[in-house]
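What follows is the content of start-v1.tsv, which has TSV, C-alpha atoms:
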chain	number	residue	atom	x	y	z
A	198	VAL	CA	99.86	88.48	116.07
A	199	ILE	CA	99.51	88.10	112.30
A	200	ALA	CA	101.47	87.51	109.10
A	201	ALA	CA	105.18	88.31	109.37
A	202	GLY	CA	104.72	89.47	112.95
A	203	ALA	CA	104.08	85.91	114.11
A	204	ALA	CA	107.66	84.86	113.46
A	205	ALA	CA	109.04	87.88	115.26
A	206	ALA	CA	106.76	87.88	118.28
A	207	ALA	CA	108.72	85.43	120.36
A	208	SER	CA	112.00	87.31	120.05
A	209	ALA	CA	110.50	90.77	120.34
A	210	GLY	CA	107.94	89.91	122.99
A	211	ALA	CA	110.15	89.89	126.06
A	212	GLY	CA	111.35	93.43	125.48
A	213	VAL	CA	107.87	94.59	124.62
A	214	LEU	CA	106.34	93.20	127.78
A	215	GLY	CA	109.02	94.86	129.85
A	216	ARG	CA	108.55	98.28	128.28
A	217	ALA	CA	104.86	98.45	127.37
A	218	LEU	CA	102.96	100.60	129.80
A	219	SER	CA	100.09	99.17	131.80
A	220	GLY	CA	98.15	99.97	134.95
A	221	ALA	CA	98.55	103.59	136.02
A	222	GLY	CA	100.99	104.26	133.18
A	223	GLY	CA	98.48	102.99	130.67
A	224	ARG	CA	95.79	105.24	132.11
A	225	GLU	CA	98.13	108.23	131.80
A	226	ALA	CA	98.82	107.34	128.17
A	227	VAL	CA	95.09	107.08	127.42
A	228	ALA	CA	94.49	110.43	129.13
A	229	SER	CA	97.30	112.06	127.15
A	230	ARG	CA	95.75	110.91	123.88
A	231	GLU	CA	92.29	112.13	124.93
A	232	ASN	CA	93.78	115.55	125.64
A	233	VAL	CA	95.35	115.93	122.18
A	234	THR	CA	93.78	118.48	119.85
A	235	LEU	CA	95.39	118.26	116.44
A	236	PRO	CA	96.20	121.70	114.98
A	237	GLN	CA	94.96	122.61	111.53
A	238	PRO	CA	97.60	121.58	109.00
A	239	GLY	CA	99.54	124.40	107.39
A	240	SER	CA	99.57	122.33	104.20
A	241	PRO	CA	96.17	120.59	103.98
A	242	ALA	CA	95.44	117.69	101.67
A	243	PRO	CA	93.25	118.44	98.66
A	244	ALA	CA	89.73	117.07	98.77
A	245	VAL	CA	89.45	113.51	97.53
A	246	PRO	CA	88.00	113.60	93.98
A	247	ARG	CA	84.32	112.65	93.88
A	248	ARG	CA	85.00	109.87	91.39
A	249	ALA	CA	87.90	108.30	93.31
A	250	GLN	CA	85.49	105.68	94.71
A	251	VAL	CA	83.87	103.37	92.19
A	252	ARG	CA	80.19	102.68	92.73
A	253	VAL	CA	80.43	98.92	92.82
A	254	ALA	CA	79.38	96.87	95.82
A	255	GLY	CA	82.21	94.90	97.40
A	256	VAL	CA	85.06	97.28	96.61
A	257	SER	CA	87.25	98.47	99.48
A	258	PRO	CA	86.40	102.02	100.62
A	259	PHE	CA	88.82	104.56	99.19
A	260	VAL	CA	89.71	105.73	102.72
A	261	THR	CA	90.26	102.83	105.09
A	262	PRO	CA	88.67	103.39	108.53
A	263	ASN	CA	91.16	103.29	111.39
A	264	SER	CA	89.44	100.27	112.90
A	265	ASP	CA	89.85	98.32	109.65
A	266	PHE	CA	93.39	99.41	108.78
A	267	TYR	CA	95.71	96.42	108.57
A	268	ARG	CA	98.17	95.61	111.34
A	269	VAL	CA	101.21	93.36	111.25
A	270	ASP	CA	102.46	93.24	114.82
A	271	THR	CA	105.69	92.13	116.40
A	272	ALA	CA	104.43	93.31	119.80
A	273	LEU	CA	102.65	90.86	122.09
A	274	VAL	CA	101.37	93.91	123.96
A	275	VAL	CA	100.63	97.15	122.10
A	276	PRO	CA	102.70	99.91	123.75
A	277	LYS	CA	100.72	102.69	125.37
A	278	VAL	CA	102.97	105.74	125.47
A	279	ASP	CA	102.24	108.89	127.47
A	280	ALA	CA	102.56	111.74	124.97
A	281	THR	CA	103.53	114.20	127.72
A	282	ALA	CA	106.59	112.08	128.57
A	283	TRP	CA	107.47	111.07	125.00
A	284	ARG	CA	110.77	112.25	123.52
A	285	LEU	CA	112.41	111.84	120.12
A	286	ARG	CA	116.18	112.02	119.74
A	287	ILE	CA	117.84	112.74	116.37
A	288	HIS	CA	121.57	111.96	116.22
A	289	GLY	CA	124.30	110.12	114.32
A	290	ASP	CA	126.56	110.48	111.28
A	291	GLY	CA	126.29	113.87	109.60
A	292	VAL	CA	124.03	115.30	112.32
A	293	ALA	CA	125.65	118.66	113.03
A	294	ARG	CA	123.06	119.64	115.65
A	295	GLU	CA	121.56	116.83	117.71
A	296	ARG	CA	118.00	117.44	118.84
A	297	THR	CA	115.54	116.03	121.34
A	298	LEU	CA	111.92	116.87	120.58
A	299	THR	CA	108.73	116.64	122.65
A	300	PHE	CA	105.26	115.89	121.33
A	301	ASP	CA	104.31	119.55	121.83
A	302	ASP	CA	107.39	120.57	119.84
A	303	LEU	CA	106.00	118.64	116.87
A	304	LEU	CA	102.49	120.07	117.24
A	305	ARG	CA	103.90	123.61	117.23
A	306	ARG	CA	105.54	123.06	113.86
A	307	GLU	CA	103.84	123.43	110.49
A	308	LEU	CA	101.96	120.20	109.85
A	309	ILE	CA	101.28	118.63	106.48
A	310	GLU	CA	98.21	116.55	105.67
A	311	ARG	CA	98.43	113.89	102.97
A	312	ASP	CA	96.52	110.88	101.66
A	313	ILE	CA	98.99	107.98	101.58
A	314	THR	CA	98.48	104.28	100.97
A	315	LEU	CA	100.61	101.93	103.08
A	316	THR	CA	101.49	98.37	102.12
A	317	CYS	CA	103.11	95.59	104.14
A	318	VAL	CA	105.88	93.57	102.53
A	319	SER	CA	104.19	90.41	103.88
A	320	ASN	CA	101.16	91.05	101.66
A	321	GLU	CA	100.68	88.12	99.28
A	322	VAL	CA	99.33	88.76	95.77
A	323	GLY	CA	95.72	89.81	96.22
A	324	GLY	CA	96.18	90.06	99.98
A	325	PRO	CA	94.59	92.41	102.53
A	326	TYR	CA	97.65	94.13	104.04
A	327	VAL	CA	97.22	97.44	102.23
A	328	GLY	CA	95.20	100.47	103.30
A	329	ASN	CA	94.74	104.15	102.55
A	330	ALA	CA	94.43	106.92	105.14
A	331	ARG	CA	94.71	110.68	105.56
A	332	TRP	CA	97.78	111.38	107.69
A	333	ILE	CA	98.82	114.55	109.52
A	334	GLY	CA	102.41	115.08	110.57
A	335	VAL	CA	105.71	116.92	110.37
A	336	ARG	CA	107.77	116.75	107.21
A	337	LEU	CA	110.73	114.58	108.16
A	338	ALA	CA	113.17	116.09	105.66
A	339	ASP	CA	112.71	119.53	107.26
A	340	LEU	CA	113.69	118.19	110.68
A	341	LEU	CA	116.73	116.42	109.29
A	342	GLU	CA	117.88	119.50	107.38
A	343	GLU	CA	117.59	121.61	110.54
A	344	CYS	CA	119.93	119.10	112.19
A	345	GLY	CA	122.43	119.58	109.37
A	346	VAL	CA	121.74	116.28	107.63
A	347	ARG	CA	122.45	116.05	103.92
A	348	PRO	CA	121.45	113.11	101.70
A	349	PRO	CA	124.20	111.06	100.07
A	350	SER	CA	123.58	112.86	96.77
A	351	GLY	CA	124.39	116.10	98.59
A	352	GLY	CA	127.58	114.79	100.17
A	353	GLY	CA	126.11	113.47	103.42
A	354	PRO	CA	127.95	110.57	105.10
A	355	ALA	CA	124.82	108.63	106.15
A	356	ASP	CA	122.81	106.55	103.68
A	357	GLN	CA	120.57	104.86	106.27
A	358	LEU	CA	118.12	106.33	108.77
A	359	VAL	CA	117.51	103.89	111.63
A	360	ALA	CA	114.22	104.50	113.44
A	361	ARG	CA	113.82	102.90	116.87
A	362	SER	CA	110.54	102.18	118.57
A	363	VAL	CA	109.80	102.16	122.29
A	364	ASP	CA	109.39	98.37	122.01
A	365	GLY	CA	112.93	97.90	120.67
A	366	MET	CA	112.04	97.48	116.99
A	367	THR	CA	114.53	98.95	114.51
A	368	ILE	CA	113.59	99.97	110.96
A	369	GLY	CA	116.12	101.18	108.40
A	370	SER	CA	115.19	103.61	105.61
A	371	PRO	CA	117.29	105.04	102.76
A	372	VAL	CA	118.18	108.64	103.63
A	373	GLU	CA	118.02	109.55	99.95
A	374	ASP	CA	114.36	108.50	99.73
A	375	VAL	CA	113.42	110.29	102.94
A	376	MET	CA	114.93	113.55	101.66
A	377	ASP	CA	114.12	113.43	97.93
A	378	GLY	CA	111.01	115.62	98.15
A	379	ARG	CA	108.35	112.99	98.82
A	380	ASP	CA	106.00	113.48	101.78
A	381	ALA	CA	107.96	111.42	104.32
A	382	MET	CA	106.65	112.42	107.72
A	383	LEU	CA	106.47	111.89	111.43
A	384	ALA	CA	102.71	111.36	111.65
A	385	VAL	CA	100.67	112.42	114.67
A	386	GLY	CA	97.18	111.99	113.20
A	387	MET	CA	95.26	109.45	111.14
A	388	ASN	CA	91.93	110.12	109.44
A	389	GLY	CA	91.24	113.24	111.49
A	390	GLU	CA	92.13	111.96	114.95
A	391	PRO	CA	95.30	111.37	116.98
A	392	LEU	CA	96.99	108.13	116.00
A	393	PRO	CA	95.32	105.10	117.59
A	394	PHE	CA	97.61	103.22	119.98
A	395	ASP	CA	97.53	100.25	117.57
A	396	HIS	CA	98.97	102.47	114.85
A	397	GLY	CA	101.75	104.12	116.80
A	398	PHE	CA	100.47	106.87	119.11
A	399	PRO	CA	101.90	109.34	119.81
A	400	VAL	CA	104.16	109.44	116.72
A	401	ARG	CA	104.98	107.12	113.85
A	402	MET	CA	107.06	107.47	110.74
A	403	LEU	CA	105.96	106.81	107.16
A	404	VAL	CA	107.59	107.20	103.76
A	405	PRO	CA	105.43	106.99	100.61
A	406	GLY	CA	106.60	104.34	98.17
A	407	LEU	CA	108.45	102.10	100.63
A	408	TYR	CA	107.15	98.96	102.29
A	409	GLY	CA	106.35	99.43	105.97
A	410	TYR	CA	109.23	97.32	107.28
A	411	VAL	CA	111.71	99.86	105.85
A	412	SER	CA	109.75	103.03	106.54
A	413	ALA	CA	106.79	102.90	108.92
A	414	CYS	CA	108.19	102.76	112.46
A	415	LYS	CA	105.40	102.99	115.04
A	416	TRP	CA	105.89	104.43	118.55
A	417	ILE	CA	109.14	105.98	117.31
A	418	GLU	CA	111.51	107.44	119.91
A	419	ASP	CA	114.93	107.60	118.24
A	420	ILE	CA	116.34	108.45	114.82
A	421	GLU	CA	119.99	107.61	114.14
A	422	LEU	CA	121.80	108.48	110.92
A	423	THR	CA	124.24	105.76	109.92
A	424	THR	CA	125.12	103.56	106.94
A	425	PHE	CA	123.75	100.30	105.60
A	426	ASP	CA	127.24	98.81	105.87
A	427	ALA	CA	127.48	99.71	109.54
A	428	TYR	CA	124.11	98.48	110.79
A	429	ASP	CA	121.45	95.89	109.93
A	430	SER	CA	117.97	96.63	111.21
A	431	TYR	CA	115.62	94.03	112.70
A	432	TRP	CA	114.17	92.60	109.48
A	433	VAL	CA	117.43	92.74	107.52
A	434	LYS	CA	118.96	90.43	110.13
A	435	ARG	CA	116.12	88.02	109.26
A	436	ASP	CA	116.96	87.89	105.52
A	437	TRP	CA	114.68	90.65	104.23
A	438	ALA	CA	116.11	93.17	101.76
A	439	ARG	CA	117.79	96.36	102.99
A	440	GLU	CA	115.86	98.53	100.53
A	441	ALA	CA	112.33	97.76	99.41
A	442	PRO	CA	110.37	100.08	97.11
A	443	ILE	CA	106.74	99.00	96.78
A	444	LYS	CA	106.07	96.86	93.72
A	445	THR	CA	103.26	97.64	91.28
A	446	GLN	CA	100.28	95.53	92.34
A	447	SER	CA	96.56	95.16	91.70
A	448	ARG	CA	93.71	93.25	93.31
A	449	ILE	CA	90.23	92.02	92.37
A	450	ASP	CA	87.87	92.87	95.23
A	451	THR	CA	84.70	91.66	93.54
A	452	PRO	CA	83.61	89.10	92.57
A	453	LYS	CA	85.21	87.01	95.29
A	454	PRO	CA	86.91	83.69	94.52
A	455	PHE	CA	84.39	80.91	93.81
A	456	ALA	CA	81.50	83.38	93.56
A	457	ARG	CA	78.48	82.37	91.51
A	458	PRO	CA	77.23	85.47	89.68
A	459	LYS	CA	74.33	85.34	87.24
A	460	ALA	CA	74.94	85.43	83.50
A	461	GLY	CA	74.83	88.89	81.99
A	462	THR	CA	76.70	92.05	82.96
A	463	VAL	CA	78.86	91.43	86.03
A	464	MET	CA	80.79	94.33	87.53
A	465	VAL	CA	84.39	93.39	88.27
A	466	ALA	CA	86.26	95.93	90.41
A	467	GLY	CA	89.11	96.46	92.81
A	468	VAL	CA	92.22	98.50	93.56
A	469	ALA	CA	95.72	98.95	92.17
A	470	TRP	CA	98.74	100.66	93.71
A	471	ALA	CA	102.26	101.79	92.90
A	472	GLN	CA	102.92	104.38	95.58
A	473	HIS	CA	105.02	107.39	94.59
A	474	ARG	CA	104.73	106.38	90.91
A	475	GLY	CA	100.99	106.20	90.36
A	476	ILE	CA	98.77	103.89	88.32
A	477	ASP	CA	98.13	104.64	84.64
A	478	LYS	CA	96.32	101.52	83.45
A	479	VAL	CA	94.57	98.40	84.70
A	480	GLU	CA	93.76	95.49	82.40
A	481	ILE	CA	91.66	92.38	82.90
A	482	ARG	CA	91.67	89.08	81.03
A	483	VAL	CA	88.87	86.53	80.99
A	484	ASP	CA	90.22	82.99	80.65
A	485	ASP	CA	92.75	83.03	77.77
A	486	GLY	CA	91.14	85.95	75.95
A	487	PRO	CA	92.70	89.30	75.09
A	488	TRP	CA	93.55	91.90	77.71
A	489	GLN	CA	90.75	94.45	78.12
A	490	GLU	CA	91.34	97.88	79.64
A	491	ALA	CA	89.35	98.58	82.80
A	492	THR	CA	87.89	101.97	83.67
A	493	LEU	CA	90.04	103.83	86.19
A	494	ALA	CA	88.49	105.90	88.95
A	495	ALA	CA	89.82	109.42	89.47
A	496	GLU	CA	93.30	109.63	90.95
A	497	ASP	CA	93.74	111.29	94.34
A	498	SER	CA	97.54	111.35	94.21
A	499	ARG	CA	100.36	109.15	93.01
A	500	ASP	CA	100.89	108.11	96.66
A	501	THR	CA	97.44	106.51	96.95
A	502	TRP	CA	95.86	103.42	95.50
A	503	ARG	CA	93.52	103.76	92.56
A	504	GLN	CA	90.22	102.00	92.08
A	505	TRP	CA	89.04	100.46	88.81
A	506	SER	CA	86.00	98.69	87.36
A	507	TYR	CA	85.09	96.58	84.34
A	508	ALA	CA	81.65	95.62	83.02
A	509	TRP	CA	82.04	91.96	82.10
A	510	ARG	CA	79.51	90.27	79.83
A	511	ALA	CA	79.57	86.98	81.69
A	512	THR	CA	78.52	83.72	80.04
A	513	ARG	CA	77.56	80.54	81.86
A	514	GLY	CA	80.29	78.24	83.08
A	515	GLY	CA	83.57	78.44	84.93
A	516	HIS	CA	85.87	81.38	84.23
A	517	ASN	CA	89.23	82.69	85.38
A	518	LEU	CA	89.64	86.47	85.77
A	519	THR	CA	93.22	87.77	85.74
A	520	LEU	CA	94.45	91.29	86.45
A	521	ARG	CA	97.52	93.41	85.80
A	522	ALA	CA	98.40	97.11	86.22
A	523	THR	CA	100.80	99.55	84.59
A	524	ASP	CA	102.43	102.29	86.63
A	525	ARG	CA	103.29	105.81	85.52
A	526	THR	CA	106.83	104.89	84.55
A	527	GLY	CA	105.34	102.54	81.94
A	528	GLU	CA	106.30	99.39	83.86
A	529	VAL	CA	103.73	96.61	83.51
A	530	GLN	CA	103.10	94.50	86.56
A	531	THR	CA	105.11	91.31	86.19
A	532	GLU	CA	103.50	87.91	85.76
A	533	LYS	CA	106.43	86.27	87.57
A	534	ARG	CA	105.17	84.87	90.85
A	535	THR	CA	107.43	85.40	93.87
A	536	ARG	CA	106.93	85.02	97.59
A	537	THR	CA	107.08	87.93	100.00
A	538	VAL	CA	110.68	87.33	101.11
A	539	PRO	CA	112.98	89.19	100.53
A	540	ASP	CA	111.36	92.32	99.08
A	541	GLY	CA	107.65	91.74	98.48
A	542	ALA	CA	105.42	89.42	96.48
A	543	SER	CA	104.87	89.76	92.75
A	544	GLY	CA	102.54	88.18	90.20
A	545	TRP	CA	99.08	88.66	88.73
A	546	HIS	CA	96.00	88.32	90.92
A	547	SER	CA	93.28	86.04	89.58
A	548	VAL	CA	89.96	84.64	90.78
A	549	VAL	CA	87.93	81.67	89.61
A	550	VAL	CA	84.15	82.11	89.41
A	551	THR	CA	81.22	80.04	88.15
A	552	VAL	CA	78.54	81.92	86.23
A	553	ASP	CA	75.03	80.48	86.60
Write-out of the structure in C-alpha cells:
Amino acid sequence: VIAAGAAAAASAGAGVLGRALSGAGGREAVASRENVTLPQPGSPAPAVPRRAQVRVAGVSPFVTPNSDFYRVDTALVVPKVDATAWRLRIHGDGVARERTLTFDDLLRRELIERDITLTCVSNEVGGPYVGNARWIGVRLADLLEECGVRPPSGGGPADQLVARSVDGMTIGSPVEDVMDGRDAMLAVGMNGEPLPFDHGFPVRMLVPGLYGYVSACKWIEDIELTTFDAYDSYWVKRDWAREAPIKTQSRIDTPKPFARPKAGTVMVAGVAWAQHRGIDKVEIRVDDGPWQEATLAAEDSRDTWRQWSYAWRATRGGHNLTLRATDRTGEVQTEKRTRTVPDGASGWHSVVVTVD
C-alpha cells in the first residue's frame, strides 16, 4: 500500500477483504482473463512517432510496461473479478434508459485504442506516479448517450458521474468532461493484453486530462449519474477537491539528484505532461542563469507525456538544474510550490549535481 492509498487502506480494507475473490473464485477469475481475446479496435491508435523516445540513457521509456506502471492502492487485497460474472449498471439522474452490460457486451462494441498518460494526484513534484500506456476500450460518451444522458451544457440534470468499484471505492467525475469529445473510455486492455488484475481487470474507467482519483476507477461495476451537490465521493470526503484537471508538470529523469557527471557535454533529459492540452515547450536553467529551451521529442498526442533533452556544457563544481514546461494553452508551469492536497502538487522540479 503506497502513497495516498496508505491513509485509506484501513477504512477501505474491511470491505475489500470481504468482497475480493480468493480460492476457487480467484481461480475462476484468472481463467476468465486467460480466455479473453481482445478484438481488433475499430479505431486503432496511430503508430508512435519514431522520435517520441529520446536516445538518452536513464529516461523513462515512452510506453510504460504494465509491470512498471505505477499503482496507488486503497485495497489490502487486489480484487480478482471473474469476467464471465461481471456486470456494469448505468443508472441515475437523466438516464432515460437504464442498462446492465456484460463483459462480452463491451467486447462486441466498436473499441477504440489510444495512447494516454495517467497521473496520480498524490504525485509530488518530480515524483514517479505517472505512466503512459496504450489502452483499448469502449468510448464512454457513446454508452451514456445511448442511455439518454446529456451533459449539463446540453440541458442534462447530472453534473457528476459516480463510478463504483467492486471493492466499494467511489470516484466522481465531471459529466461535462466525460462527454466533451475527449477519449474517455471503459478500458478492457492495456499495452496489447487484457487489463492486469492490479490495474482493474476486467474493466476500468479513464478520462484523459483528469487525475486518477476523479477519473480512473478500477474494477468498475456501477455508474450513477448524479450531482456534486448531492453526493461526495470517497476522496472528496477526505478533503480532496471535487474536480481536478491535471496540472502542467515536468521532470528531470537524468542526471539523478547528487549524481557526479564528468565535465563536458552532459545530456539532461526527462518528461513533461499536460494531458488533453499538450506540451509546447520545456526550458531548463542552470543555477541562476537564463532559461534555455530544451529539444522536444516528437509528440504522440496531446493526451500523452512528451520527452525532452538538453545538451549541457557542464563545468566543474556543484550545480542546480531547474525545469519548467509550457502547455499548448500558453500557460507556463508555475514556480509556486504546493503539496498534493487538495488538487495536485505544483512547482518546478530541480536536481543538484556535482560535476567532476
Considering only C-alpha atoms, return as a list of chain:residue names whatever protein or nucleic-acid residues lie within 6 Å of Gln504 (chain A), sequence-local ones (same chain, fewer than 4 positions apart) excluded. A:Gly467, A:Val468, A:Ala494
Please write the residues from the selection above to a file, keeping C-alpha atoms, as a PDB file, in the coordinates of the input.
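Final file, part00.pdb:
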ATOM      1  CA  GLY A 467      89.110  96.460  92.810  1.00  0.00           C
ATOM      2  CA  VAL A 468      92.220  98.500  93.560  1.00  0.00           C
ATOM      3  CA  ALA A 494      88.490 105.900  88.950  1.00  0.00           C
TER       4      ALA A 494
END
What's the 8 Å shell around Ala456 (chain A), counting all atoms listed in the file, without same-chain residues fewer than 6 positions away, as a ChimeraX atom specification? /A:549-551
Restricting the calculation to only C-alpha atoms, which member of A:Asp553, A:Glu496, A:Glu490, A:Glu225 is positioned closest to Arg247 (chain A)?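 Under the stated criterion, the closest residue is A:Glu496.
Among the candidates A:Ala511, A:Val529, A:Gly541, A:Trp505, the one nearest to Val253 (chain A) when counting only C-alpha atoms is A:Trp505.
Minimum distance to Leu273 (chain A) across A:Asp364, A:Glu373, A:Asp290, A:Glu532 (counting only C-alpha atoms) occurs at A:Asp364.
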Counting only C-alpha atoms, find residues at most 10 Å from (119.7, 114.6, 114.8) (file frame) and give them as a compact mmCIF listing (two decimals) with C-alpha atoms, keeping the file's coordinate frame.
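Everything below was put into out.txt:
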# COMPACT_ATOMS: atom_id res chain seq x y z
CA LEU A 285 112.41 111.84 120.12
CA ARG A 286 116.18 112.02 119.74
CA ILE A 287 117.84 112.74 116.37
CA HIS A 288 121.57 111.96 116.22
CA GLY A 289 124.30 110.12 114.32
CA ASP A 290 126.56 110.48 111.28
CA GLY A 291 126.29 113.87 109.60
CA VAL A 292 124.03 115.30 112.32
CA ALA A 293 125.65 118.66 113.03
CA ARG A 294 123.06 119.64 115.65
CA GLU A 295 121.56 116.83 117.71
CA ARG A 296 118.00 117.44 118.84
CA THR A 297 115.54 116.03 121.34
CA LEU A 298 111.92 116.87 120.58
CA LEU A 340 113.69 118.19 110.68
CA LEU A 341 116.73 116.42 109.29
CA GLU A 342 117.88 119.50 107.38
CA GLU A 343 117.59 121.61 110.54
CA CYS A 344 119.93 119.10 112.19
CA GLY A 345 122.43 119.58 109.37
CA VAL A 346 121.74 116.28 107.63
CA ASP A 419 114.93 107.60 118.24
CA ILE A 420 116.34 108.45 114.82
CA GLU A 421 119.99 107.61 114.14
CA LEU A 422 121.80 108.48 110.92
As an exercise, work out the distance from CA of Arg268 (chain A) to CA of Ser229 (chain A) in Å and give it to one decimal place.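 So the two atoms, CA of Arg268 (chain A) and CA of Ser229 (chain A), lie 22.8 Å apart.
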Find, counting only C-alpha atoms, the residue in A:Thr314, A:Ser370, A:Thr526, A:Ser430 that gets nearest to Asp500 (chain A). A:Thr314
Spatial neighbours of Val433 (chain A), 12 Å, all atoms listed in the file, chain gap at least 6 places, as a list in words: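 Returned residues: Val359, Met366, Thr367, Ile368, Gly369, Ser370, Tyr410, Val411, Phe425, Asp426, Arg439, Glu440, Ala441, Val538, Pro539 and Asp540 of chain A.
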If we count only C-alpha atoms, what is near Ile333 (chain A) at a cut-off of 6 Å, once residues fewer than 2 positions away on the same chain are taken out, given as a PDB file with C-alpha atoms, in the coordinates of the input?
ATOM      1  CA  ILE A 309     101.280 118.630 106.480  1.00  0.00           C
ATOM      2  CA  GLU A 310      98.210 116.550 105.670  1.00  0.00           C
ATOM      3  CA  ALA A 384     102.710 111.360 111.650  1.00  0.00           C
ATOM      4  CA  VAL A 385     100.670 112.420 114.670  1.00  0.00           C
ATOM      5  CA  GLY A 386      97.180 111.990 113.200  1.00  0.00           C
TER       6      GLY A 386
END
Under the rule that only C-alpha atoms are counted, which of A:Ala280, A:Val269, A:Val552, A:Leu383 is the nearest residue to Phe398 (chain A)?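 Of A:Ala280, A:Val269, A:Val552, A:Leu383, the one nearest Phe398 (chain A) is A:Ala280, counting only C-alpha atoms.
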Could you name the residues that touch Pro241 (chain A) at 12 Å or less, counting all atoms listed in the file, but leaving out those on the same chain fewer than 5 positions away, as a PDB file with C-alpha atoms, in the frame of the given file?
ATOM      1  CA  PRO A 236      96.200 121.700 114.980  1.00  0.00           C
ATOM      2  CA  GLU A 307     103.840 123.430 110.490  1.00  0.00           C
ATOM      3  CA  LEU A 308     101.960 120.200 109.850  1.00  0.00           C
ATOM      4  CA  ILE A 309     101.280 118.630 106.480  1.00  0.00           C
ATOM      5  CA  GLU A 310      98.210 116.550 105.670  1.00  0.00           C
ATOM      6  CA  ARG A 311      98.430 113.890 102.970  1.00  0.00           C
ATOM      7  CA  ASP A 312      96.520 110.880 101.660  1.00  0.00           C
ATOM      8  CA  ARG A 331      94.710 110.680 105.560  1.00  0.00           C
ATOM      9  CA  TRP A 332      97.780 111.380 107.690  1.00  0.00           C
ATOM     10  CA  ILE A 333      98.820 114.550 109.520  1.00  0.00           C
ATOM     11  CA  GLY A 334     102.410 115.080 110.570  1.00  0.00           C
ATOM     12  CA  GLY A 389      91.240 113.240 111.490  1.00  0.00           C
TER      13      GLY A 389
END
Separation of CA of Ala249 (chain A) from CA of Asp497 (chain A), in Å and rounded to one decimal: 6.6 Å
Computed interatomic separation between CA of Thr234 (chain A) and CA of Phe394 (chain A) (Å):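 Atom-to-atom, CA of Thr234 (chain A) and CA of Phe394 (chain A) are spaced 15.7 Å apart.
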So, with only C-alpha atoms as the atoms that count, which of A:Lys444, A:Arg248, A:Arg513, A:Arg347 lies closest to Arg457 (chain A)? A:Arg513
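Shown here are all protein and nucleic acid residues lying within 10 Å of (107.2, 109.3, 104.2), with all atoms listed in the file considered: Arg311, Ile313, Leu315, Gly334, Val335, Arg336, Leu337, Ala338, Ser370, Asp374, Val375, Met376, Gly378, Arg379, Asp380, Ala381, Met382, Leu383, Ala384, Met402, Leu403, Val404, Pro405, Gly406, Leu407, Ser412, Ala413 and Asp500 of chain A.
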